[in-house]
Amino acid sequence: MKKIPALILAILTLSQAAFSQAKKSAETLKNESLKQDSIQDAITYLKNNTSSAETPSDTRSIIYYTGTLQELLGLYSEASASYVKAAAIKAQDAKNMPKVSSEQIVIDAIRTSLSSGDWENAQNYLNSAVKFSKDEKILAHVNLYSVWCTLCKAQTIDDTKDSIELLKAYKSMSSMKCIRPQVLVTLWHLTGNDSYAQELKRDFPASPECAIVQGKAEIMSVPFWYFVPRGESKTVQAPVKAPETTSANSNAKKAEKKLQLGLFRNQKNASNLMDKLKSKGFSSYSITKKGEETGTTYYIVIVDENSNGTMEKQLKSAGFDCYPIK
């Protein structure tokens with residue numbers, strides 16, 4: 001009988017030691033997540049291991065990093081929830097992790113909420129402490145996203161008029177300079193007036209927004225850009241190629257859409273998925289992309305949309321998860 005307490009004590013001691021050893025820094029968790037086969041697997045790994053973060057700072061940083069991966073995959077609602085959770089943790093940035101203020105994380109949450117079409121949550125976050133920020137850049141984004149929230153609720157072109165006038169005022173305000181490209185591309189998108197495109201080409205030639213009005217890039221396929229009411233084109237110079245932002249695309253344009261089914265670090269895993277797709281009668285191919293931070297090569301499996309716009313439905317019916325990319 002005397003041996004039992006000693007045995008229990010030994011077990012408890014070993015358990016405590018194992019628990020202590022299990023604690024990891026945000027940097028370690030991030031690096032381990034990057035060893036996974038796909039971004040989806042990295043996100044799952046991080047979510048399953050967040051509780052093992054050493055300090056509140058590590059927890060905050062790893063939840064924020066999870067949000068950035070979710071946003072990268074177009075999981076906007078999940079990304080927004082991660083950002084909100086990270087912003088609520090009162091801690092500093094973890095060692096060797098991205099430096100980001102709580103106010104900026106809230107701005108990220110607002111952006112991703114809008115990307116998912118959830119303007120109500122975006123509005124709630126806008127009404128938080130960020131609207132009293134002393135950071136001019138934060139306030140500029142608060143003002144822009146407030147207009148975007150209003151535009152999300154617009155049902156007719158008349159409903160957009162006040163927002164357009166406000167954006168016109170913003171584009172000439174020095175305090176809004178940091179988001180002027182976004183203001184200009186929003187005005188161009190809403191009105192079709194090429195004068196805003198010309199301003200982008202002149203003042204912000206290297207910006208993503210300039211690439212959009214030049215037809216070299218397209219606006220994200222998210223509800224805000226799809227459903228906001230738009231006026232008629234008012235081209236004052238040579239017309240530019242407009243982004244695909246409405247659901248009434250021609251069959252030819254539908255066929256240009258691509259569907260991503262997986263992203264892998266291991267080329268063999270990508271090939272295995274392509275073989276599975278082939279066995280189900282789907283034609284697929286892979287493209288490569290290098291990670292910005294690590295330089296790691298990822299293999300992305302793609303299936304092109306068909307002319308009827310039904311490929312996504314067919315893939316999901318066959319048991320393949322996918323989402324559209326440009």
# chains A, B, ... in the order shown; residues from 1 in each chain; ligands from 1
$ closest_atom_pairs --of "stretch 65-140 of chain A" --to "stretch 209-231 of chain A" --cutoff "8 Å" --atoms "only C-alpha atoms" --output "tab-separated table"
residue	atom	partner	partner_atom	distance
A:Leu114	CA	A:Phe224	CA	6.7
A:Ser115	CA	A:Val222	CA	5.4
A:Ser116	CA	A:Val222	CA	6.5
A:Gly117	CA	A:Pro223	CA	5.2
$ write_last_selection --atoms "N, CA, C and O atoms" --output "tab-separated table (two decimals), in the first residue's frame"
chain	number	residue	atom	x	y	z
A	114	LEU	N	-16.03	42.17	-44.31
A	114	LEU	CA	-16.59	42.73	-45.54
A	114	LEU	C	-16.37	41.79	-46.72
A	114	LEU	O	-17.24	41.65	-47.58
A	115	SER	N	-15.22	41.13	-46.75
A	115	SER	CA	-14.92	40.21	-47.84
A	115	SER	C	-15.89	39.03	-47.85
A	115	SER	O	-16.18	38.46	-48.91
A	116	SER	N	-16.39	38.65	-46.68
A	116	SER	CA	-17.35	37.55	-46.61
A	116	SER	C	-18.79	38.03	-46.76
A	116	SER	O	-19.72	37.23	-46.72
A	117	GLY	N	-18.97	39.35	-46.91
A	117	GLY	CA	-20.31	39.90	-47.05
A	117	GLY	C	-21.00	40.20	-45.73
A	117	GLY	O	-22.18	40.55	-45.70
$ select_by_dssp --residues "stretch 147-318 of chain A" --states "helix (DSSP H, G or I)" --output "ChimeraX atom specification"
/A:147-153,157-170,174-191,194-203,208-213,223-227,251-256,267-279,311-317
$ atom_distance --atom1 "atom CA of A:Gly192" --atom2 "atom CA of A:Met173"
22.0 Å
$ closest_residue --among "A:Gly281, A:Trp148, A:Leu259, A:Ile63" --to "A:Lys313" --atoms "only C-alpha atoms"
A:Leu259
$ closest_residue --among "A:Asn193, A:Ser172, A:Ser317, A:Ser271" --to "A:Ile302" --atoms "only C-alpha atoms"
A:Ser271
$ residues_around --residues "A:Ala140" --least-positions-apart "3" --cutoff "7 Å" --atoms "only C-alpha atoms" --output "number ranges by chain"
A: 136-137, 143-144, 175-176, 179
$ write_last_selection --atoms "N, CA, C and O atoms" --output "CSV table (one decimal), in the first residue's frame"
chain,number,residue,atom,x,y,z
A,136,GLU,N,-3.4,58.0,-37.7
A,136,GLU,CA,-4.0,58.5,-38.9
A,136,GLU,C,-4.4,57.4,-39.9
A,136,GLU,O,-5.4,57.5,-40.5
A,137,LYS,N,-3.5,56.5,-40.0
A,137,LYS,CA,-3.7,55.4,-41.0
A,137,LYS,C,-4.9,54.5,-40.6
A,137,LYS,O,-5.7,54.1,-41.4
A,143,ASN,N,-12.6,55.1,-41.9
A,143,ASN,CA,-13.5,55.9,-42.7
A,143,ASN,C,-13.8,55.2,-44.0
A,143,ASN,O,-15.0,55.2,-44.5
A,144,LEU,N,-12.8,54.6,-44.7
A,144,LEU,CA,-13.1,53.9,-45.9
A,144,LEU,C,-14.0,52.7,-45.7
A,144,LEU,O,-15.0,52.5,-46.5
A,175,SER,N,-5.3,63.6,-45.0
A,175,SER,CA,-5.4,62.5,-43.9
A,175,SER,C,-5.8,61.2,-44.5
A,175,SER,O,-5.7,60.1,-43.8
A,176,MET,N,-6.3,61.1,-45.7
A,176,MET,CA,-6.8,59.9,-46.3
A,176,MET,C,-5.8,59.4,-47.4
A,176,MET,O,-6.1,58.5,-48.2
A,179,ILE,N,-5.0,55.7,-48.2
A,179,ILE,CA,-5.9,54.7,-48.8
A,179,ILE,C,-6.5,55.3,-50.1
A,179,ILE,O,-7.5,54.9,-50.6
$ closest_residue --among "A:Ser101, A:Ser133, A:Ser113, A:Gln182" --to "A:Phe204" --atoms "only C-alpha atoms"
A:Gln182
$ residues_around --residues "A:Glu27" --least-positions-apart "5" --cutoff "9 Å" --atoms "only C-alpha atoms" --output "ChimeraX atom specification"
/A:32,58,61-62,94-97
$ write_last_selection --atoms "N, CA, C and O atoms" --output "compact mmCIF listing (two decimals), in the first residue's frame"
# COMPACT_ATOMS: atom_id res chain seq x y z
N GLU A 32 6.66 24.85 -37.44
CA GLU A 32 6.14 23.49 -37.55
C GLU A 32 4.93 23.43 -38.48
O GLU A 32 4.74 22.45 -39.20
N ASP A 58 2.62 34.67 -27.24
CA ASP A 58 2.71 33.60 -28.24
C ASP A 58 1.33 33.21 -28.74
O ASP A 58 1.13 32.98 -29.93
N SER A 61 0.02 35.97 -31.10
CA SER A 61 0.71 35.97 -32.39
C SER A 61 0.32 34.78 -33.25
O SER A 61 0.17 34.90 -34.47
N ILE A 62 0.15 33.60 -32.63
CA ILE A 62 -0.15 32.41 -33.43
C ILE A 62 -1.60 32.44 -33.91
O ILE A 62 -1.90 31.96 -35.02
N ALA A 94 4.88 38.41 -30.09
CA ALA A 94 5.84 37.37 -29.71
C ALA A 94 7.14 37.55 -30.48
O ALA A 94 7.18 38.18 -31.55
N LYS A 95 8.20 36.99 -29.94
CA LYS A 95 9.53 37.11 -30.54
C LYS A 95 9.55 36.50 -31.94
O LYS A 95 9.04 35.41 -32.18
N ASN A 96 10.13 37.26 -32.87
CA ASN A 96 10.31 36.83 -34.26
C ASN A 96 9.00 36.55 -35.00
O ASN A 96 8.96 35.78 -35.94
N MET A 97 7.93 37.18 -34.54
CA MET A 97 6.64 37.09 -35.21
C MET A 97 6.26 38.47 -35.74
O MET A 97 6.84 39.48 -35.33
$ select_by_dssp --residues "stretch 111-319 of chain A" --states "strand (DSSP E or B)" --output "ChimeraX atom specification"
/A:193,234,258-264,285-290,297-304
$ atom_distance --atom1 "atom CA of A:Ala22" --atom2 "atom CA of A:Ser38"
23.6 Å
$ atom_distance --atom1 "atom CA of A:Ala26" --atom2 "atom CA of A:Ser57"
8.1 Å
$ residues_around --residues "A:Lys168" --least-positions-apart "3" --cutoff "9 Å" --atoms "only C-alpha atoms" --output "PyMOL selection string"
chain A and resi 163-165+171-172+183-184+187
$ residues_around --residues "A:Pro324" --least-positions-apart "5" --cutoff "9 Å" --atoms "only C-alpha atoms" --output "PyMOL selection string"
chain A and resi 221+257-260+305+312
$ write_last_selection --atoms "C-alpha atoms" --output "tab-separated table (two decimals), in the first residue's frame"
chain	number	residue	atom	x	y	z
A	221	SER	CA	-14.40	37.67	-56.10
A	257	LYS	CA	-12.60	31.00	-63.88
A	258	LYS	CA	-10.29	28.54	-62.15
A	259	LEU	CA	-11.07	26.32	-59.20
A	260	GLN	CA	-8.38	25.45	-56.65
A	305	GLU	CA	-14.57	26.14	-64.89
A	312	GLU	CA	-17.73	23.78	-59.02
$ closest_residue --among "A:Asn31, A:Tyr65, A:Asn269, A:Lys99" --to "A:Lys47" --atoms "only C-alpha atoms"
A:Tyr65
